[in-house]
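Report on the following structure.
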Amino acid sequence: MRKLFPGVMIFLVLSIYSGAQDSQVLLNTFQRNFQRAEQIEIKLKILEDSVKAGPEGLGPLYLNAVDYVIDHSSLLATDALVIKLAHISVEQIRVIEYTQAANSMWRLFKETEDTVLRAGILKTLGVIAGGNDTIARRIIEWLDSQNSLLKAGGKPDLPVIPEAVAALGILKNNTAFSVIFTTMEIYSQESIRNAARKALLSLEGDYKENLMKVVREGTLVERFAALKMGLNDGKLSDLDKAEIAEAGLEVGVYTTTGNKQDQATNREMRMVAVQALSKSNWSRATPLVIEHFGMALLEYERSVVSKGFLLDAINGLGNMQTHEAAERLALYLELINSYTEHGRAYDEQIVLAVLANLKILGDKVAFANLSYTQYLNYSDTVKAVAQDAIDHLKW
């Protein structure tokens, strides 16, 4: 009598039990036969037949298969049948959303270097590991290690990174924000950057606070990127943007570095933050805007920044609408007056900007210095604008 191939026998058993609609009997049968099979070909056929039967209720079988692959992980690099066994198991666990397999799935991820299998595992973890903070943390750690590898000049597993980012977005674990943000910034591949952007918007927690955390705690490049991202986000309110800009200016004012490129980035960050604060008239940031103005003035005098940079700082003070801002601008006008009185050439554009912003502020603290301009060797234009500022003072 001719022997039936084990897969055919399984299929016949399957037909009988499918008619009986007894999923537990099916599971028991498939599990028993999978465990008994000594050849990988037979184990693979058993899994393939289980998929034909419909995988619902067969989660423990696929978990058994994953654990089998883990126990024989040395074959993953050489045996195509073992790889196929793993692929089927991972896919079916995702299809039936078998959450009990999460930990074994991560073990399999760590055991294999197969890019396609790793990507599939992460895709499955995104489906089955919801609420599993341990799995989320492990994916975060792996992604962070890949980012560090790239920064060190190494070669990260590029095809897998989008799936890691996407999985974190699905899992919605708020602690992933920083590492996803870093991923978005350091990779040039659009597939990675787009996946990161989407994931960032999917995370739980306060989006503005997440951005501000990066502004305060990230690398300088990340801080600047988070600042720009927040200021350009149409979903954030003007109030949210002002708070982000304030945080960015605080970082810019109080960050010191000896690296020239970082210094340039820091100055640009300050400028962008002040422009945003100026636009929103965010008076709470007055002390920081005053600090920035002092730094900008010194940098301009040393030819480190352009005149436009200083003008932005002057306008920032004018738009603070506070007495303290008026005091600082009036003090600067007093300095300019002193220089002019002693024959030093003045920059009319800068003087006019100071006068215009003192007019906006309308604070009588500037009266004496505004009045003194009329006695100095200024142009008629400067004197007329100064008088106009005097006329708009609030008494």
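Chain labels run A, B, ... following the order of the structure tokens; each chain numbers its residues from 1, and ligands are numbered from 1 in the order shown.
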*Find the spatial neighbours of Thr340 of chain A, counting only C-alpha atoms, within a cut-off of 12 Å - ignore same-chain residues fewer than 6 positions away - and output them as a PyMOL selection string.*
chain A and resi 333-334+346-348+351+372-379
*Could you tell me which of A:Gly169, A:Pro287, A:Gly316, A:Gly343 comes closest to Ala273 of chain A if we count only C-alpha atoms?*
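Residue with the minimum atom-to-atom distance to Ala273 of chain A: A:Gly316.
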*Residues at most 10 Å from Asp240 of chain A, counting only C-alpha atoms, excluding those fewer than 3 positions away in the same chain, as an NGL selection string?*
:A and (207-209 or 212 or 230-231 or 235-237 or 243-246)
*With distances taken over only C-alpha atoms, which of A:Phe309, A:Tyr68, A:Phe293, A:Phe177 is nearest to Met105 of chain A?*
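Checking each of A:Phe309, A:Tyr68, A:Phe293, A:Phe177 against Met105 of chain A, counting only C-alpha atoms, the winner is A:Tyr68.
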*Name the residues in contact with Tyr254 of chain A at a cut-off of 10 Å, using only C-alpha atoms, excluding same-chain residues fewer than 5 positions from it; report them as a list in words.*
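That gives Leu249, Asn266, Leu288, Glu291 and His292 of chain A.
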*Please provide the set of residues having any atom within 6 Å of segment 152-164 of chain A, restricted to only C-alpha atoms, with same-chain residues fewer than 2 positions apart removed, written as a ChimeraX atom specification.*
/A:119,122,146,149-150,166-167,192,195
*Nearest-residue call for Thr124 of chain A, choices A:Glu97, A:Glu324, A:Glu301, A:Glu268, using only C-alpha atoms*: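 Using only C-alpha atoms, the shortest distance to Thr124 of chain A belongs to A:Glu97.
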